[in-house]
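Below is start-v7.txt, which holds compact mmCIF, C-alpha atoms.
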# COMPACT_ATOMS: atom_id res chain seq x y z
CA MET A 1 -81.74 -16.58 -39.89
CA ALA A 2 -83.97 -15.80 -37.07
CA VAL A 3 -82.54 -18.76 -35.16
CA LYS A 4 -79.01 -17.61 -35.82
CA ASP A 5 -79.82 -14.05 -34.76
CA ARG A 6 -81.55 -15.29 -31.68
CA ASP A 7 -78.62 -17.57 -30.91
CA ARG A 8 -76.23 -14.71 -31.49
CA PHE A 9 -77.95 -12.53 -28.93
CA SER A 10 -78.47 -15.22 -26.32
CA THR A 11 -76.75 -14.85 -22.97
CA ALA A 12 -75.01 -18.18 -23.22
CA THR A 13 -73.57 -17.32 -26.59
CA ARG A 14 -72.47 -13.92 -25.37
CA LEU A 15 -70.78 -15.46 -22.31
CA ARG A 16 -69.08 -18.08 -24.45
CA LEU A 17 -67.79 -15.42 -26.88
CA LEU A 18 -66.69 -13.21 -24.02
CA GLY A 19 -64.84 -16.13 -22.44
CA GLU A 20 -63.14 -16.99 -25.73
CA GLN A 21 -62.08 -13.39 -26.26
CA THR A 22 -60.74 -13.16 -22.73
CA ALA A 23 -58.90 -16.44 -23.12
CA ALA A 24 -57.41 -15.21 -26.39
CA ARG A 25 -56.26 -11.98 -24.73
CA VAL A 26 -54.71 -13.83 -21.83
CA TYR A 27 -52.95 -16.22 -24.19
CA ARG A 28 -51.62 -13.32 -26.28
CA SER A 29 -50.37 -11.43 -23.22
CA GLN A 30 -48.66 -14.56 -21.88
CA THR A 31 -46.93 -15.23 -25.17
CA ARG A 32 -45.85 -11.59 -25.36
CA ARG A 33 -44.47 -11.75 -21.81
CA GLN A 34 -42.63 -14.94 -22.59
CA ALA A 35 -41.25 -13.38 -25.74
CA ARG A 36 -40.25 -10.27 -23.81
CA ARG A 37 -38.72 -12.31 -21.01
CA SER A 38 -36.63 -14.36 -23.35
CA ARG A 39 -35.43 -11.23 -25.20
CA LEU A 40 -34.80 -9.38 -21.97
CA THR A 41 -32.93 -12.30 -20.47
CA GLY A 42 -30.67 -12.54 -23.51
CA ARG A 43 -29.98 -8.84 -23.38
CA ALA A 44 -29.35 -9.00 -19.67
CA ALA A 45 -26.96 -11.90 -20.15
CA LEU A 46 -25.12 -10.01 -22.89
CA LEU A 47 -24.94 -6.90 -20.71
CA ALA A 48 -23.65 -8.96 -17.79
CA LEU A 49 -21.05 -10.56 -20.06
CA VAL A 50 -19.91 -7.17 -21.33
CA LEU A 51 -19.71 -5.77 -17.78
CA CYS A 52 -17.73 -8.77 -16.56
CA SER A 53 -15.38 -8.44 -19.51
CA LEU A 54 -14.85 -4.76 -18.74
CA ILE A 55 -14.20 -5.51 -15.07
CA VAL A 56 -11.69 -8.21 -15.93
CA ALA A 57 -10.05 -6.02 -18.55
CA LEU A 58 -9.78 -3.04 -16.17
CA ALA A 59 -8.78 -4.94 -13.02
CA TYR A 60 -5.05 -5.12 -13.78
CA PRO A 61 -4.66 -1.49 -14.92
CA ILE A 62 -6.56 -0.26 -11.88
CA ARG A 63 -4.39 -2.38 -9.60
CA GLN A 64 -1.29 -0.98 -11.29
CA TYR A 65 -2.63 2.56 -10.92
CA VAL A 66 -3.26 2.10 -7.20
CA SER A 67 0.17 0.50 -6.74
CA GLN A 68 1.89 3.32 -8.60
CA ARG A 69 0.02 5.93 -6.57
CA ALA A 70 1.28 4.24 -3.39
CA ASP A 71 4.82 4.22 -4.80
CA ILE A 72 4.55 7.90 -5.68
CA ALA A 73 3.38 8.69 -2.15
CA ASP A 74 6.33 6.75 -0.69
CA LEU A 75 8.77 8.56 -2.97
CA GLN A 76 7.31 11.91 -1.98
CA ARG A 77 7.80 11.04 1.70
CA GLN A 78 11.38 10.01 0.99
CA GLN A 79 11.95 13.24 -0.91
CA ALA A 80 10.61 15.28 1.99
CA LYS A 81 12.95 13.45 4.40
CA ALA A 82 15.88 14.01 2.04
CA ARG A 83 15.09 17.72 1.80
CA GLN A 84 14.93 17.92 5.59
CA ARG A 85 18.30 16.15 5.86
CA VAL A 86 19.82 18.55 3.29
CA GLU A 87 18.60 21.49 5.36
CA GLN A 88 20.14 19.98 8.50
CA LEU A 89 23.45 19.48 6.70
CA ARG A 90 23.39 23.04 5.37
CA ASP A 91 22.82 24.32 8.90
CA LEU A 92 25.69 22.18 10.16
CA LYS A 93 27.96 23.42 7.38
CA ALA A 94 27.07 27.01 8.20
CA ARG A 95 27.87 26.36 11.88
CA TRP A 96 31.25 24.85 11.02
CA GLN A 97 32.12 27.93 9.01
CA ASP A 98 31.79 29.96 12.19
CA ASP A 99 35.22 30.08 13.87
CA ALA A 100 33.80 30.08 17.40
CA TYR A 101 31.80 26.90 16.77
CA ALA A 102 34.76 25.15 15.13
CA GLU A 103 37.00 26.08 18.07
CA GLN A 104 34.42 24.80 20.55
CA GLN A 105 34.12 21.47 18.71
CA ILE A 106 37.90 21.09 18.43
CA ARG A 107 38.24 21.64 22.17
CA LEU A 108 35.49 19.12 22.97
CA ARG A 109 36.37 16.38 20.51
CA LEU A 110 40.14 16.57 20.24
CA HIS A 111 40.89 17.95 23.72
CA TYR A 112 42.97 20.82 22.32
CA VAL A 113 43.86 23.78 24.48
CA MET A 114 44.89 27.28 23.56
CA PRO A 115 48.48 28.38 24.15
CA GLY A 116 48.93 29.31 27.78
CA GLU A 117 46.07 27.09 29.01
CA THR A 118 46.55 23.90 30.96
CA GLY A 119 44.56 20.89 29.84
CA TYR A 120 43.32 18.20 32.19
CA VAL A 121 41.89 14.81 31.35
CA VAL A 122 39.98 13.11 34.15
CA ILE A 123 39.94 9.33 33.93
CA ASP A 124 37.22 7.41 35.67
CA PRO A 125 38.93 5.02 38.10
CA ASP A 126 36.03 2.54 37.94
CA ALA A 127 36.35 2.24 34.15
CA ALA A 128 40.06 1.48 34.37
CA ALA A 129 39.43 -1.28 36.94
CA LYS A 130 36.73 -2.87 34.76
CA GLN A 131 39.12 -3.40 31.90
CA SER A 132 39.83 -7.13 31.95
CA SER A 133 43.18 -8.79 31.61
CA THR A 134 42.08 -10.43 28.33
CA ASP A 135 41.54 -7.00 26.77
CA ARG A 136 45.08 -5.98 27.75
CA THR A 137 46.64 -9.08 26.23
CA THR A 138 44.74 -8.90 22.92
CA ALA A 139 46.88 -6.01 21.75
CA ALA A 140 50.02 -8.13 22.05
CA ARG A 141 48.68 -11.01 19.91
CA PRO A 142 48.37 -11.09 16.10
CA TRP A 143 45.14 -9.73 14.68
CA TYR A 144 43.99 -13.00 13.14
CA THR A 145 44.15 -14.71 16.54
CA ASN A 146 41.72 -12.13 17.91
CA ILE A 147 39.35 -12.76 14.99
CA TRP A 148 39.39 -16.54 15.50
CA ASP A 149 38.82 -16.12 19.23
CA GLY A 150 35.81 -13.90 18.48
CA ILE A 151 34.39 -16.48 16.07
CA ASP A 152 34.87 -19.25 18.65
CA ARG A 153 33.12 -17.21 21.33
CA SER A 154 30.16 -16.40 19.08
CA ASP A 155 29.94 -20.05 18.01
CA LYS A 156 29.82 -21.20 21.64
CA SER A 157 27.16 -18.66 22.57
CA GLY A 158 25.02 -19.64 19.52
CA HIS A 159 24.58 -23.26 20.68

Take the structure in this file and express it as structure tokens.
Amino acid sequence: MAVKDRDRFSTATRLRLLGEQTAARVYRSQTRRQARRSRLTGRAALLALVLCSLIVALAYPIRQYVSQRADIADLQRQQAKARQRVEQLRDLKARWQDDAYAEQQIRLRLHYVMPGETGYVVIDPDAAAKQSSTDRTTAARPWYTNIWDGIDRSDKSGH
């Protein structure tokens, strides 16, 4: 036993045991890391798969939501324009209910005059000279001839 005890306490034996223990620890830590890596990689892959599935599943509803929000914004703009137009028409209606405004518009548009007044219509002499002879003769022809002449002229200008 003395040889075994002496061998047990020798430096070489101690170094050999220390090396074996260290090697065993390193081997254990590497196998644990590999085991952890493989578990972690599987979990990461599963998580990635779940996230991709959620993204794909939510892509269409999100696109629809954004599209509908844009449609709602367009409709709100149209509604604001329509309200503005209604206000303009109400103002115009209120103006037409005023007798002075209606009289003014009748005088301007229909060239009416009040009893006792003399109305004058000034014709531009240049405009009367510009009226071509073809325009004067179109009134004497049947309406369908004027239509066919218009189609022929547009056909010639299109080529």

* To do: Grab the CA of Ala45 (chain A) to CA of Gln64 (chain A) distance for me, in Å with one decimal place.
  =>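 These two atoms are separated by 29.3 Å.
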
* Asked: Between CA of Tyr27 (chain A) and CA of Arg14 (chain A), what is the spacing in Å?
  ->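 Value for the CA of Arg14 (chain A)-CA of Tyr27 (chain A) distance: 19.7 Å.
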
* One-decimal distance in Å that lies between CA of Arg77 (chain A) and CA of Ala94 (chain A) -> 25.9 Å
